[in-house]
Each structure stands twice: as structure tokens, then as C-alpha cells.
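**Q** Sharing run.cif below, mmCIF, C-alpha atoms:
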```cif
data_structure
loop_
_atom_site.label_atom_id
_atom_site.label_comp_id
_atom_site.auth_asym_id
_atom_site.auth_seq_id
_atom_site.Cartn_x
_atom_site.Cartn_y
_atom_site.Cartn_z
CA MET A 1 -19.06 -27.31 13.31
CA ARG A 2 -20.32 -23.72 13.55
CA ILE A 3 -21.77 -22.26 16.74
CA HIS A 4 -25.54 -22.06 16.66
CA LEU A 5 -26.77 -18.57 15.82
CA LYS A 6 -28.51 -17.96 19.15
CA PHE A 7 -25.47 -19.08 21.07
CA GLU A 8 -23.28 -16.87 18.86
CA ILE A 9 -25.46 -13.85 19.64
CA LEU A 10 -25.26 -14.66 23.35
CA MET A 11 -21.48 -14.91 23.16
CA VAL A 12 -21.28 -11.56 21.33
CA LEU A 13 -23.31 -9.92 24.10
CA ILE A 14 -21.00 -11.40 26.73
CA VAL A 15 -17.92 -10.20 24.85
CA VAL A 16 -19.38 -6.71 24.49
CA MET A 17 -20.24 -6.56 28.22
CA PHE A 18 -16.73 -7.73 29.10
CA ALA A 19 -15.16 -5.20 26.72
CA CYS A 20 -17.10 -2.38 28.34
CA LYS A 21 -15.55 -3.27 31.69
CA GLN A 22 -12.08 -3.13 30.14
CA VAL A 23 -12.27 0.37 28.67
CA GLU A 24 -9.67 1.74 31.10
CA LYS A 25 -7.06 -0.69 29.74
CA PRO A 26 -7.65 -1.29 26.00
CA GLN A 27 -5.87 -4.16 24.31
CA VAL A 28 -4.20 -1.74 21.93
CA GLU A 29 -1.48 -1.15 24.53
CA THR A 30 -0.22 -4.67 23.89
CA ALA A 31 -0.77 -4.40 20.16
CA MET A 32 1.41 -1.31 19.85
CA GLU A 33 4.22 -2.59 22.05
CA GLY A 34 7.60 -2.30 20.37
CA ILE A 35 6.74 0.64 18.07
CA ASN A 36 8.63 3.85 18.81
CA GLU A 37 6.01 6.03 17.14
CA ASN A 38 2.57 5.39 15.73
CA VAL A 39 1.93 3.97 12.29
CA VAL A 40 0.60 7.28 10.97
CA GLU A 41 3.96 8.92 11.64
CA LYS A 42 5.73 6.02 9.96
CA VAL A 43 3.62 6.51 6.84
CA ASN A 44 4.35 10.23 6.97
CA TYR A 45 8.06 9.75 6.28
CA GLY A 46 8.21 6.11 5.23
CA THR A 47 7.55 3.59 2.50
CA ILE A 48 4.86 0.90 2.35
CA TYR A 49 5.92 -2.61 1.33
CA GLU A 50 3.34 -5.14 0.10
CA VAL A 51 3.93 -8.70 1.34
CA ASN A 52 2.63 -11.68 -0.66
CA VAL A 53 3.20 -14.48 1.89
CA ARG A 54 2.20 -17.31 -0.47
CA GLN A 55 4.75 -16.39 -3.12
CA TYR A 56 7.46 -14.92 -0.88
CA THR A 57 9.28 -18.14 -0.04
CA PRO A 58 9.24 -21.78 -1.23
CA GLU A 59 7.53 -22.65 2.06
CA GLY A 60 5.01 -19.81 1.82
CA THR A 61 4.76 -19.56 5.62
CA PHE A 62 4.93 -16.93 8.34
CA GLU A 63 8.03 -18.60 9.76
CA ALA A 64 9.83 -18.53 6.40
CA PHE A 65 8.89 -14.91 5.77
CA LYS A 66 10.19 -13.93 9.20
CA SER A 67 13.75 -14.64 8.03
CA HIS A 68 13.38 -11.75 5.55
CA ILE A 69 12.63 -9.14 8.24
CA PRO A 70 16.31 -8.12 8.70
CA ARG A 71 16.65 -7.63 4.94
CA LEU A 72 13.51 -5.48 4.82
CA LYS A 73 14.80 -3.46 7.74
CA GLU A 74 18.01 -2.89 5.79
CA LEU A 75 15.94 -1.85 2.78
CA GLY A 76 14.43 0.78 5.05
CA VAL A 77 10.71 0.17 4.54
CA ASN A 78 8.72 0.68 7.71
CA VAL A 79 5.09 -0.27 6.99
CA LEU A 80 4.40 -3.84 5.85
CA TRP A 81 1.06 -4.45 4.13
CA MET A 82 0.19 -8.13 4.41
CA MET A 83 -2.12 -9.49 1.72
CA PRO A 84 -5.16 -11.36 3.18
CA LEU A 85 -4.12 -14.02 5.68
CA GLN A 86 -7.44 -15.76 6.35
CA GLU A 87 -8.67 -19.17 5.29
CA ILE A 88 -9.58 -19.25 1.59
CA GLY A 89 -12.91 -20.62 0.32
CA VAL A 90 -13.16 -23.95 -1.46
CA GLU A 91 -16.53 -23.63 -3.19
CA ASN A 92 -16.13 -22.09 -6.67
CA ARG A 93 -12.41 -21.73 -6.01
CA LYS A 94 -10.21 -20.54 -8.87
CA GLY A 95 -6.95 -22.39 -9.46
CA ASP A 96 -5.30 -24.78 -7.05
CA ARG A 97 -4.85 -22.43 -4.08
CA GLY A 98 -7.68 -19.96 -4.70
CA SER A 99 -7.83 -16.19 -4.37
CA TYR A 100 -6.47 -14.48 -1.28
CA TYR A 101 -9.58 -12.30 -1.54
CA SER A 102 -12.08 -15.15 -1.14
CA ILE A 103 -12.41 -15.19 2.66
CA ARG A 104 -14.03 -18.20 4.31
CA ASP A 105 -13.84 -16.96 7.91
CA TYR A 106 -12.70 -13.47 8.87
CA ARG A 107 -11.17 -14.60 12.18
CA SER A 108 -9.31 -17.59 10.79
CA VAL A 109 -5.69 -17.89 9.68
CA ASN A 110 -4.80 -19.75 6.48
CA HIS A 111 -3.29 -23.03 7.70
CA GLU A 112 -0.93 -23.03 4.70
CA TYR A 113 0.80 -20.00 6.22
CA GLY A 114 0.92 -21.32 9.79
CA THR A 115 -0.95 -20.97 13.06
CA VAL A 116 -2.34 -18.01 14.95
CA GLU A 117 0.64 -18.30 17.28
CA ASP A 118 3.00 -18.18 14.29
CA LEU A 119 1.29 -15.01 13.11
CA LYS A 120 1.50 -13.37 16.54
CA THR A 121 5.21 -14.20 16.65
CA LEU A 122 5.66 -12.61 13.22
CA VAL A 123 3.78 -9.45 14.19
CA ASP A 124 5.92 -9.15 17.33
CA GLU A 125 9.07 -9.57 15.26
CA ILE A 126 7.95 -6.86 12.82
CA HIS A 127 7.29 -4.49 15.72
CA LYS A 128 10.62 -5.29 17.37
CA ASN A 129 12.30 -4.22 14.13
CA ASP A 130 10.58 -0.83 14.29
CA MET A 131 8.12 -1.56 11.49
CA ALA A 132 4.35 -1.39 11.52
CA VAL A 133 2.07 -3.94 9.87
CA ILE A 134 -1.35 -3.49 8.25
CA LEU A 135 -3.74 -6.19 7.04
CA ASP A 136 -5.42 -6.37 3.65
CA TRP A 137 -9.14 -6.34 4.53
CA VAL A 138 -11.73 -7.80 2.15
CA GLY A 139 -14.97 -6.19 3.27
CA ASN A 140 -16.97 -6.20 0.05
CA HIS A 141 -17.48 -9.95 -0.41
CA THR A 142 -16.81 -13.40 1.05
CA ALA A 143 -16.21 -16.92 -0.19
CA TRP A 144 -19.32 -18.90 -1.10
CA ASP A 145 -18.67 -21.28 1.79
CA HIS A 146 -18.36 -18.59 4.46
CA TYR A 147 -20.55 -19.66 7.37
CA TRP A 148 -22.65 -16.52 6.96
CA MET A 149 -24.09 -18.08 3.81
CA LYS A 150 -26.02 -20.54 6.00
CA ASP A 151 -26.33 -18.61 9.24
CA ARG A 152 -27.08 -15.15 7.81
CA PRO A 153 -28.10 -15.35 4.15
CA ASP A 154 -29.59 -11.86 4.56
CA PHE A 155 -26.00 -10.55 4.72
CA TYR A 156 -25.72 -11.13 0.98
CA THR A 157 -26.97 -9.40 -2.15
CA HIS A 158 -29.67 -11.35 -4.03
CA ASP A 159 -31.04 -11.00 -7.53
CA GLU A 160 -34.75 -10.83 -8.36
CA SER A 161 -35.05 -14.62 -8.15
CA GLY A 162 -33.52 -14.65 -4.66
CA LYS A 163 -30.15 -16.02 -5.76
CA VAL A 164 -26.96 -14.69 -4.16
CA ILE A 165 -24.79 -12.94 -6.72
CA PRO A 166 -21.10 -12.04 -7.06
CA PRO A 167 -20.13 -8.35 -6.88
CA VAL A 168 -18.79 -8.49 -10.46
CA ALA A 169 -19.77 -11.09 -13.03
CA ASP A 170 -16.19 -12.32 -13.47
CA TRP A 171 -15.62 -12.67 -9.71
CA THR A 172 -17.31 -16.05 -9.62
CA ASP A 173 -15.43 -17.26 -6.53
CA VAL A 174 -16.94 -14.64 -4.20
CA ALA A 175 -20.42 -13.55 -3.05
CA ASP A 176 -21.44 -9.90 -2.69
CA LEU A 177 -22.28 -8.53 0.77
CA ASN A 178 -25.27 -6.26 1.40
CA TYR A 179 -24.34 -3.31 3.61
CA ASP A 180 -27.97 -2.25 3.93
CA VAL A 181 -28.15 -4.86 6.72
CA PRO A 182 -27.12 -3.26 10.06
CA ASP A 183 -26.07 -6.59 11.58
CA LEU A 184 -23.58 -7.11 8.75
CA ARG A 185 -21.94 -3.77 9.48
CA ASP A 186 -21.69 -4.62 13.17
CA SER A 187 -20.25 -8.07 12.51
CA MET A 188 -17.72 -6.78 10.00
CA LEU A 189 -16.58 -4.05 12.37
CA GLN A 190 -16.12 -6.54 15.22
CA ASN A 191 -14.10 -8.82 12.96
CA MET A 192 -11.80 -5.96 11.97
CA MET A 193 -11.25 -4.92 15.58
CA TYR A 194 -10.31 -8.52 16.44
CA TRP A 195 -7.20 -8.24 14.22
CA VAL A 196 -6.25 -5.01 15.94
CA ASP A 197 -7.03 -5.95 19.54
CA SER A 198 -6.00 -9.60 19.56
CA LEU A 199 -3.33 -9.89 16.87
CA GLY A 200 -1.67 -6.49 17.06
CA PHE A 201 -2.17 -5.12 13.54
CA ASP A 202 -1.67 -1.38 13.05
CA GLY A 203 -4.41 -0.75 10.51
CA PHE A 204 -5.81 -1.94 7.21
CA ARG A 205 -5.50 -1.70 3.45
CA CYS A 206 -9.14 -2.04 2.38
CA ASP A 207 -9.88 -3.93 -0.82
CA VAL A 208 -12.22 -2.27 -3.37
CA ALA A 209 -13.12 0.27 -0.69
CA GLY A 210 -15.28 2.27 -3.10
CA MET A 211 -17.72 -0.65 -3.38
CA VAL A 212 -18.54 -0.41 0.35
CA PRO A 213 -20.56 2.53 1.75
CA VAL A 214 -18.33 5.28 3.12
CA GLU A 215 -20.48 5.36 6.26
CA PHE A 216 -19.17 1.93 7.19
CA TRP A 217 -15.56 3.03 6.79
CA GLN A 218 -16.32 6.04 8.95
CA SER A 219 -17.47 3.67 11.69
CA VAL A 220 -14.19 1.75 11.28
CA ARG A 221 -12.24 4.99 11.58
CA ALA A 222 -14.16 5.90 14.74
CA GLY A 223 -13.52 2.45 16.22
CA LEU A 224 -9.80 2.68 15.52
CA ASP A 225 -9.53 6.22 16.86
CA LYS A 226 -10.91 5.05 20.20
CA ARG A 227 -8.06 2.55 20.41
CA GLY A 228 -5.12 4.71 19.37
CA ASP A 229 -3.27 5.66 16.21
CA TYR A 230 -4.03 3.38 13.27
CA PHE A 231 -3.72 3.64 9.50
CA LEU A 232 -6.44 3.13 6.89
CA LEU A 233 -5.57 2.86 3.19
CA ALA A 234 -8.30 2.66 0.53
CA GLU A 235 -7.92 0.71 -2.68
CA ALA A 236 -9.98 3.38 -4.40
CA GLU A 237 -9.74 6.99 -5.55
CA GLU A 238 -13.06 8.57 -4.53
CA GLU A 239 -12.36 11.73 -2.57
CA LYS A 240 -15.37 11.14 -0.32
CA LEU A 241 -13.55 8.19 1.23
CA HIS A 242 -11.24 10.67 2.95
CA ASP A 243 -14.16 12.23 4.81
CA ASN A 244 -13.50 10.98 8.37
CA ALA A 245 -12.50 7.59 7.01
CA PHE A 246 -9.30 6.88 5.07
CA MET A 247 -5.96 8.62 5.53
CA ALA A 248 -4.70 7.63 2.08
CA SER A 249 -5.97 6.13 -1.15
CA TYR A 250 -4.62 4.62 -4.36
CA GLY A 251 -3.13 6.72 -7.12
CA TRP A 252 -4.67 4.42 -9.74
CA HIS A 253 -5.16 7.11 -12.36
CA PHE A 254 -1.58 8.32 -12.13
CA HIS A 255 -0.31 4.73 -12.28
CA PHE A 256 -2.22 4.15 -15.52
CA ILE A 257 -0.74 7.36 -16.94
CA MET A 258 2.78 6.18 -16.08
CA ASN A 259 2.11 2.86 -17.83
CA GLU A 260 0.80 4.56 -20.97
CA VAL A 261 3.67 7.04 -21.12
CA ALA A 262 6.22 4.25 -20.70
CA GLN A 263 4.51 2.27 -23.47
CA GLY A 264 4.46 5.25 -25.84
CA LYS A 265 0.68 5.56 -25.80
CA LYS A 266 0.78 9.01 -24.18
CA GLY A 267 3.31 11.83 -23.89
CA LEU A 268 4.90 13.48 -20.87
CA ASP A 269 2.29 16.23 -21.05
CA GLU A 270 -0.18 13.77 -19.50
CA ILE A 271 2.06 13.49 -16.42
CA ARG A 272 2.48 17.26 -16.31
CA LYS A 273 -1.27 17.80 -16.52
CA TYR A 274 -2.01 15.27 -13.79
CA LEU A 275 0.52 16.82 -11.44
CA ASP A 276 -0.72 20.32 -12.20
CA ASP A 277 -4.22 19.18 -11.20
CA HIS A 278 -3.32 17.13 -8.12
CA VAL A 279 -0.11 18.20 -6.40
CA THR A 280 -1.80 20.86 -4.28
CA GLU A 281 -4.31 18.45 -2.75
CA THR A 282 -4.55 19.28 0.93
CA ASN A 283 -7.16 16.92 2.33
CA PHE A 284 -5.80 13.52 1.36
CA ASN A 285 -2.79 11.52 0.25
CA ARG A 286 -2.31 9.17 -2.69
CA MET A 287 -0.21 6.03 -2.67
CA HIS A 288 1.93 5.85 -5.82
CA PHE A 289 3.47 2.70 -7.25
CA THR A 290 4.99 1.04 -10.27
CA SER A 291 3.62 -2.37 -9.28
CA ASN A 292 1.37 -4.26 -6.87
CA HIS A 293 -0.17 -7.74 -6.83
CA ASP A 294 -2.92 -6.82 -9.31
CA GLU A 295 -0.66 -5.08 -11.79
CA ASN A 296 2.05 -7.71 -11.60
CA THR A 297 -0.34 -10.58 -12.30
CA TRP A 298 -2.80 -9.11 -14.77
CA LYS A 299 -0.78 -6.37 -16.51
CA GLY A 300 2.74 -7.82 -16.26
CA ASN A 301 5.79 -7.21 -14.08
CA ALA A 302 6.92 -3.61 -13.91
CA ILE A 303 10.24 -4.17 -15.70
CA ASP A 304 8.46 -5.46 -18.81
CA ARG A 305 5.48 -3.15 -18.47
CA MET A 306 7.49 0.07 -18.15
CA GLY A 307 10.60 -0.98 -20.02
CA LYS A 308 13.42 1.56 -20.25
CA ASP A 309 11.37 4.07 -18.21
CA TYR A 310 10.99 1.76 -15.20
CA GLU A 311 13.59 3.41 -12.98
CA ASN A 312 12.42 6.91 -13.89
CA MET A 313 8.85 5.98 -12.98
CA ALA A 314 10.00 4.54 -9.66
CA VAL A 315 11.93 7.74 -8.89
CA LEU A 316 8.83 9.74 -9.83
CA SER A 317 6.63 7.71 -7.48
CA PHE A 318 9.03 8.44 -4.60
CA THR A 319 9.52 12.17 -5.19
CA ILE A 320 6.10 13.58 -6.11
CA PRO A 321 3.60 14.33 -3.31
CA GLY A 322 2.21 11.10 -1.91
CA ILE A 323 3.24 7.79 -0.35
CA PRO A 324 5.46 5.30 -2.23
CA LEU A 325 4.89 1.54 -2.42
CA ILE A 326 7.22 -1.37 -3.17
CA TYR A 327 5.72 -4.75 -4.10
CA SER A 328 7.22 -8.07 -2.98
CA GLY A 329 10.33 -8.83 -5.03
CA GLN A 330 10.72 -5.47 -6.75
CA GLU A 331 13.83 -4.83 -4.67
CA THR A 332 15.37 -7.94 -6.20
CA GLY A 333 14.41 -7.07 -9.77
CA LEU A 334 11.20 -9.15 -9.94
CA HIS A 335 10.98 -10.01 -13.64
CA LYS A 336 8.10 -12.43 -13.42
CA ASP A 337 4.30 -12.26 -13.64
CA LEU A 338 3.33 -14.15 -10.48
CA MET A 339 0.34 -16.48 -10.74
CA PHE A 340 -2.61 -15.34 -8.67
CA PHE A 341 -4.50 -18.53 -7.82
CA ASP A 342 -1.56 -20.93 -7.55
CA LYS A 343 1.84 -21.25 -5.91
CA ASP A 344 4.53 -19.32 -7.80
CA THR A 345 7.59 -18.46 -5.73
CA ILE A 346 9.51 -15.21 -6.16
CA GLU A 347 13.04 -15.67 -7.45
CA TRP A 348 15.39 -13.81 -5.11
CA LYS A 349 18.72 -12.43 -6.32
CA ASN A 350 21.26 -11.44 -3.71
CA ASP A 351 23.27 -9.25 -6.08
CA SER A 352 20.42 -7.39 -7.76
CA PRO A 353 21.17 -3.70 -8.51
CA PHE A 354 17.57 -2.94 -7.64
CA PHE A 355 18.17 -3.46 -3.91
CA PRO A 356 20.52 -0.45 -3.58
CA PHE A 357 18.32 1.45 -6.05
CA PHE A 358 15.20 1.11 -3.89
CA LYS A 359 17.16 1.36 -0.65
CA ASN A 360 18.48 4.75 -1.77
CA LEU A 361 14.99 5.94 -2.70
CA VAL A 362 13.58 4.83 0.64
CA SER A 363 16.43 6.63 2.41
CA LEU A 364 15.96 9.76 0.30
CA ARG A 365 12.30 10.01 1.31
CA LYS A 366 13.04 9.30 4.96
CA ASN A 367 15.86 11.85 5.20
CA GLN A 368 14.31 14.67 3.14
CA LYS A 369 11.52 16.17 5.20
CA VAL A 370 10.20 17.99 2.15
CA LEU A 371 9.09 14.61 0.75
CA TRP A 372 7.02 13.69 3.81
CA THR A 373 3.27 13.46 3.36
CA ASP A 374 2.44 16.23 5.83
CA ASN A 375 4.30 18.64 3.52
CA ILE A 376 2.14 18.02 0.46
CA PRO A 377 0.24 21.34 0.13
CA ASN A 378 1.99 23.81 -2.15
CA SER A 379 5.34 21.98 -1.99
CA PHE A 380 5.69 21.18 -5.71
CA SER A 381 6.90 23.42 -8.52
CA TRP A 382 8.19 22.93 -12.06
CA LEU A 383 11.78 23.92 -12.81
CA GLU A 384 13.03 25.84 -15.82
CA ASN A 385 13.25 23.34 -18.67
CA GLU A 386 12.85 23.53 -22.43
CA ASN A 387 13.55 19.89 -23.26
CA PRO A 388 10.28 18.08 -24.10
CA ASP A 389 11.78 14.73 -23.01
CA VAL A 390 12.55 15.98 -19.49
CA LEU A 391 10.46 16.27 -16.36
CA ALA A 392 12.13 18.74 -13.99
CA PHE A 393 10.59 19.73 -10.69
CA GLY A 394 11.43 20.89 -7.20
CA ARG A 395 9.95 20.31 -3.78
CA HIS A 396 10.06 22.85 -0.97
CA LEU A 397 8.71 23.15 2.53
CA GLN A 398 5.60 25.26 2.93
CA SER A 399 7.49 27.73 5.09
CA ASN A 400 10.14 28.28 2.43
CA ASP A 401 9.72 29.09 -1.28
CA GLU A 402 13.28 27.94 -2.00
CA ASN A 403 13.52 24.33 -3.17
CA ASP A 404 15.04 21.67 -0.93
CA ILE A 405 15.23 19.02 -3.65
CA MET A 406 15.43 19.15 -7.46
CA VAL A 407 14.59 16.17 -9.69
CA TYR A 408 15.47 15.77 -13.38
CA LEU A 409 14.06 12.79 -15.32
CA ASN A 410 15.21 12.22 -18.90
CA TYR A 411 12.72 10.11 -20.86
CA GLY A 412 14.68 10.42 -24.07
CA ASP A 413 17.09 7.78 -25.31
CA GLU A 414 20.07 10.14 -25.67
CA LYS A 415 22.34 11.63 -23.02
CA ILE A 416 21.61 15.34 -22.59
CA GLU A 417 23.15 18.39 -20.92
CA LEU A 418 21.05 20.61 -18.68
CA GLY A 419 21.61 23.69 -16.57
CA PHE A 420 20.44 24.66 -13.10
CA PRO A 421 17.71 27.28 -12.70
CA LYS A 422 18.80 30.90 -12.59
CA ASN A 423 19.79 32.36 -9.22
CA VAL A 424 20.57 28.93 -7.74
CA ASP A 425 23.56 29.07 -5.40
CA MET A 426 25.25 25.80 -6.37
CA SER A 427 27.48 25.89 -3.31
CA LYS A 428 24.38 25.06 -1.26
CA TRP A 429 23.55 21.98 -3.32
CA LYS A 430 24.91 18.48 -3.85
CA SER A 431 24.02 15.37 -5.76
CA TRP A 432 21.90 13.12 -3.54
CA ASP A 433 24.49 10.31 -3.81
CA SER A 434 27.82 12.18 -3.80
CA GLU A 435 29.66 15.20 -2.37
CA ASP A 436 31.05 16.35 -5.73
CA VAL A 437 31.16 20.09 -6.36
CA LEU A 438 28.47 21.04 -8.86
CA ALA A 439 29.07 22.96 -12.08
CA GLU A 440 26.59 25.17 -13.89
CA LYS A 441 25.90 22.37 -16.37
CA PHE A 442 25.29 18.69 -15.74
CA SER A 443 24.46 15.68 -17.88
CA VAL A 444 21.66 13.13 -17.59
CA ASP A 445 21.93 9.75 -19.29
CA GLY A 446 19.29 8.57 -21.70
CA ASN A 447 16.30 7.25 -19.71
CA GLY A 448 18.20 8.36 -16.61
CA TYR A 449 17.74 10.74 -13.72
CA LYS A 450 19.56 13.20 -11.50
CA ILE A 451 18.48 14.26 -8.03
CA PHE A 452 19.98 17.22 -6.15
CA ILE A 453 19.47 18.10 -2.48
CA LYS A 454 20.44 20.98 -0.21
CA ARG A 455 23.69 20.50 1.65
#
```
So, in terms of C-alpha cells, how does the structure I just supplied come out?
**A**
Amino acid sequence: MRIHLKFEILMVLIVVMFACKQVEKPQVETAMEGINENVVEKVNYGTIYEVNVRQYTPEGTFEAFKSHIPRLKELGVNVLWMMPLQEIGVENRKGDRGSYYSIRDYRSVNHEYGTVEDLKTLVDEIHKNDMAVILDWVGNHTAWDHYWMKDRPDFYTHDESGKVIPPVADWTDVADLNYDVPDLRDSMLQNMMYWVDSLGFDGFRCDVAGMVPVEFWQSVRAGLDKRGDYFLLAEAEEEKLHDNAFMASYGWHFHFIMNEVAQGKKGLDEIRKYLDDHVTETNFNRMHFTSNHDENTWKGNAIDRMGKDYENMAVLSFTIPGIPLIYSGQETGLHKDLMFFDKDTIEWKNDSPFFPFFKNLVSLRKNQKVLWTDNIPNSFSWLENENPDVLAFGRHLQSNDENDIMVYLNYGDEKIELGFPKNVDMSKWKSWDSEDVLAEKFSVDGNGYKIFIKR
């Protein structure tokens, strides 16, 4: 039974008064315990890993997922993005389990995953293993049976007849929120801070962030900044969202280009043009990926979707300016389109070649400072190359025009021979995965890659 509205307002006032008295000792001190540096620094040199708790294990629980933490630590990822963890709505539910993004109560925990105590234990374990954890926040809409529907119907968007509407016609399991209502903004902000202050999360990935006014996200940013160092990632591409709000956003457009190139619908010139237009961006970062929960379910798993170019696209997403992402199961060669509204467990393979593949890419980014996000401006340049099937580029620190890493991606089917750029002192360079002495010429397998780094 829900608390009566007047009583709820009274309780909010009491909580606010109490919080004001506690300013000298914010709860964030407990939340950040166990992290050697803040989450923003981890994103700077690290890799984000998306966690789909429902599909991760046969049990689909926090406790079962916890057993994978040592493996993820070995993989090297250091920021875990947890898909929504709250109770899912029943009214107008799609499928048997419903959408993760149909939130019934923002401060609840989905009982299928476990208890609040189970979640706190998991967050502590993540922190103890030197990883940060961010929560997928669904701020644009709620489930139809969220208690706001009865207590605060003014929080929702209504049509001309007064009927509450979904944000998109096809999203029939959720109801659109109206951010013109100041009380909604206040309530949403308080709910977000609860997950930071009480449960220890280190930030948020914000669902369809472009459908919520940027002014609200700016208030979230201000609230987080008062507490410490937290990370905000927007599932959107609008540049305005980086104005005192988000630290990073999705590279959706580039992802679509990678898909179309891999499927033969576009040529490599589309990648070259995109990078020419975007690699000097100085005011924001993009998150690049070959898969995520949306793409895997609705567009197909990355191995099928990108085919023979899959590994090259993954290497590209790790070596161009930006932040790389790995989706649940990719490190085990996820070759399955996971169901979205029902239980569909990931098939784990202990001997998958993709684990060392992604582990090496994660390590490359972590150990090559030139790939860190704070070195984005003016760090990218094309290398001498006349082969139309090859992307060849270098990355260098802003303080040095000489490249620190060189990447060659062969999108052709045949093995080719290439040469290093003129005036390169090969004695200063090595292959990223061996100490072999380099010759003037080197070969790249069909649909293969070569990466060289400074000794």
C-alpha cells in the first residue's frame, strides 16, 4: 500500500532537513569506499562493460553474477554498466518478464534479481575489485502501474482528450513523463541521488537522454558534483547534452556506419569521412561499440551483423578517439540474439578466442596513454596508404607530433603487403603483441589487422 501523498510530502521535507544537517559528512564517502581513483579517471583509460543481469546466468540474480567478477577483472574492464535493476511494470507488459525499461518504482529492486542487501553486497564486491559501477537510468517514462499514475497524474503527458500517452507509439508498455512539471524534476532527481547515496553507484547511463530536457540533466550533474566524482553517459548524440551535463554520449552514427560498411552497403570512405569530421572534437567524448542490448536484440548479434569485418570493427572502436564498450557475452563470442522481454541465458564458452582478443584490446587501451580520452584533441592522423581496402591511422599525444601507435585494418579478403611510412625509425617500434624485429614491409591477412606501438 502506497504512502498517502500528504504523508509522503511530509517525509520528503523531513529527509531534506536531515540531509541539510549532514552536509559535512556526505554519504558519498561510503559509496566510493574501495575505489582507488574516481570513476571519471577509470573511464579515461578504461573500458565500459554492459551487464544484462537477467540473461547473464541461468539464475539471473545478483548473487550468480557476482561469481563472474573475477573473470571480468581478468578481462580488464573497469566500469560496469548495469541495465535497469528496478521492479518492472505488469500493466501492458510485453513478453513474460517485461522490459527492463518499464520501471514500476524507481527505488525498488527487481525481486527476480535479489534483495537490496544482495545488491549492496554486489556493489561492494565490484568496488573491492577496483571497478566502478553505473546504473542504467530510465528518466523519460515509467510503467503504467507506477504509483505516480495515481498519486501524481500531472507527472505524465496527456493527449487532447486527457489520456496519458506513451513516448513513442510502439512503446505501449510505458507512459511518457512531462518535464514541464517542476515537482517531477525534483522527484526524479531525488530518486537518482538515492542510488548514489544509499546504494553506492558511481554514476548513470541515461536512457534516451535526448528526450528529456537538458536542463534536467544539468541539475543532475550539479547534484552529483556536490557529492564527488561521478560519471554521466547519455544514450544520445546531441552536442548540447555535453553542456554542463554529460561527460560522454553514444557514437550511434558511427556504429551505423560500421554496420553498413560491414554489410557492403557503404564503402570505407564513409568511415574516413566520419573520422575526418569528428576526431578533433574537444568538448565531448563518444562511446563506440560493435554491440549493446538494443543492437543485439533488434539488429542481430555482432558476429552475424558484421561478419568477416567483426574483429576489425572491434579494433577500430578501441583505437579511434572515444570510449570503448563491450556487451555481456561478447568476450565469449556471443553468437545469439538475446530475447528482450523474456529469459534467454547467455551461452558461456571457457575456451573462446574472443576472451584473449578483447582482453588484449582492453590492455592496449589501458597501457597506451595516447588512447586515453583526455588525449582526444588533435591526436589522430591518417598514415600513408594507397590501398582502398585499408584503413591506416596513427595516434599521438598532443605534445608530440610523432605517432605512438599505428593501426592497419585490411577490409579486403586477400592477404596484402604494406610498408611503414617514410622516415619511421623501425628500431623504435614493435608489434603490440610481440618483440619481433620489424622489417620495412609487413603483411596483413585478409580481413585482418596489425597494430604497432612504440618500444
**Q** Residues of range 184-293 of chain A that approach range 393-417 of chain A to 10 Å or less, counting all atoms listed in the file: could you list each one with the shortest pair of atoms and its distance in Å to one decimal, rows by chain and increasing residue number, as a tab-separated table?
**A**
```
residue	atom	partner	partner_atom	distance
A:Val261	CA	A:Tyr411	CA	9.6
A:Ala262	CA	A:Tyr411	CA	8.8
A:Leu268	CA	A:Tyr411	CA	8.5
```
**Q** Output the selection as a JSON list (two decimals), keeping the file's coordinate frame - C-alpha atoms for each residue.
**A**
```
[["chain", "number", "residue", "atom", "x", "y", "z"],
["A", 261, "VAL", "CA", 3.67, 7.04, -21.12],
["A", 262, "ALA", "CA", 6.22, 4.25, -20.70],
["A", 268, "LEU", "CA", 4.90, 13.48, -20.87]]
```
**Q** Any chance you could resolve the PyMOL selection byres ((chain A and resi 166) around 9) against this file and give the residues as number ranges by chain?
**A** A: 141, 157, 164-165, 167-177
**Q** Taking (13.1, 23.5, -15.0) in the file's coordinates, which residues come within 12 Å, counting only C-alpha atoms, written as an NGL selection string?
**A** :A and (381-394 or 403 or 406-409 or 418-422 or 424)
**Q** Pick out the closest residue to Ile303 in chain A from this set: A:Lys336, A:Lys366, A:His127, A:Arg272. Count all atoms listed in the file.
**A**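 Residue with the minimum atom-to-atom distance to Ile303 in chain A: A:Lys336.
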**Q** Selection in question (the file shown): the PyMOL selection byres ((chain A and resi 231) around 7). Which residues does it include, as a list in words?
**A**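 Selection result, ordered by chain and number: Val39, Val40, Asp202, Gly203, Phe204, Tyr230, Leu232, Leu233 and Met247 of chain A.
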**Q** Selected by the PyMOL selection byres ((chain A and resi 92) around 10) in the shown coordinates: which residues, as a VMD selection string?
**A** chain A and resid 89 to 91 93 to 95 98 102 143 to 145 171 to 174
**Q** Could you work out how far CA of Arg286 in chain A lies from CA of Lys359 in chain A, giving the answer in Å with one decimal?
**A**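 CA of Lys359 in chain A sits 21.1 Å away from CA of Arg286 in chain A.
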**Q** Neighbouring residues of range 211-221 of chain A were defined as those with any atom within 9 Å, considering all atoms listed in the file; residues of the same chain fewer than 3 positions away were excluded. Please report them as a PyMOL selection string.
**A** chain A and resi 139-140+167+177-179+185+189+192-193+207-208+224-226+230-232+236+240-246
**Q** Now that the selection is made, can you save its residues with C-alpha atoms as a compact mmCIF listing (two decimals), keeping the file's coordinate frame?
**A**
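The result, written out as selection.txt:
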```txt
# COMPACT_ATOMS: atom_id res chain seq x y z
CA GLY A 139 -14.97 -6.19 3.27
CA ASN A 140 -16.97 -6.20 0.05
CA PRO A 167 -20.13 -8.35 -6.88
CA LEU A 177 -22.28 -8.53 0.77
CA ASN A 178 -25.27 -6.26 1.40
CA TYR A 179 -24.34 -3.31 3.61
CA ARG A 185 -21.94 -3.77 9.48
CA LEU A 189 -16.58 -4.05 12.37
CA MET A 192 -11.80 -5.96 11.97
CA MET A 193 -11.25 -4.92 15.58
CA ASP A 207 -9.88 -3.93 -0.82
CA VAL A 208 -12.22 -2.27 -3.37
CA LEU A 224 -9.80 2.68 15.52
CA ASP A 225 -9.53 6.22 16.86
CA LYS A 226 -10.91 5.05 20.20
CA TYR A 230 -4.03 3.38 13.27
CA PHE A 231 -3.72 3.64 9.50
CA LEU A 232 -6.44 3.13 6.89
CA ALA A 236 -9.98 3.38 -4.40
CA LYS A 240 -15.37 11.14 -0.32
CA LEU A 241 -13.55 8.19 1.23
CA HIS A 242 -11.24 10.67 2.95
CA ASP A 243 -14.16 12.23 4.81
CA ASN A 244 -13.50 10.98 8.37
CA ALA A 245 -12.50 7.59 7.01
CA PHE A 246 -9.30 6.88 5.07
```
**Q** Point out the residue among A:Glu235, A:Asp276, A:Glu50, A:Glu260 with the least atom-to-atom distance to Ala248 in chain A, counting all atoms listed in the file.
**A**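 When distances to Ala248 in chain A are compared using all atoms listed in the file, the smallest one comes from A:Glu235.
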**Q** Report, in Å with one decimal, the straight-line distance from CA of Tyr56 in chain A to CA of Ile346 in chain A.
**A**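 Separation of CA of Tyr56 in chain A and CA of Ile346 in chain A: 5.7 Å.
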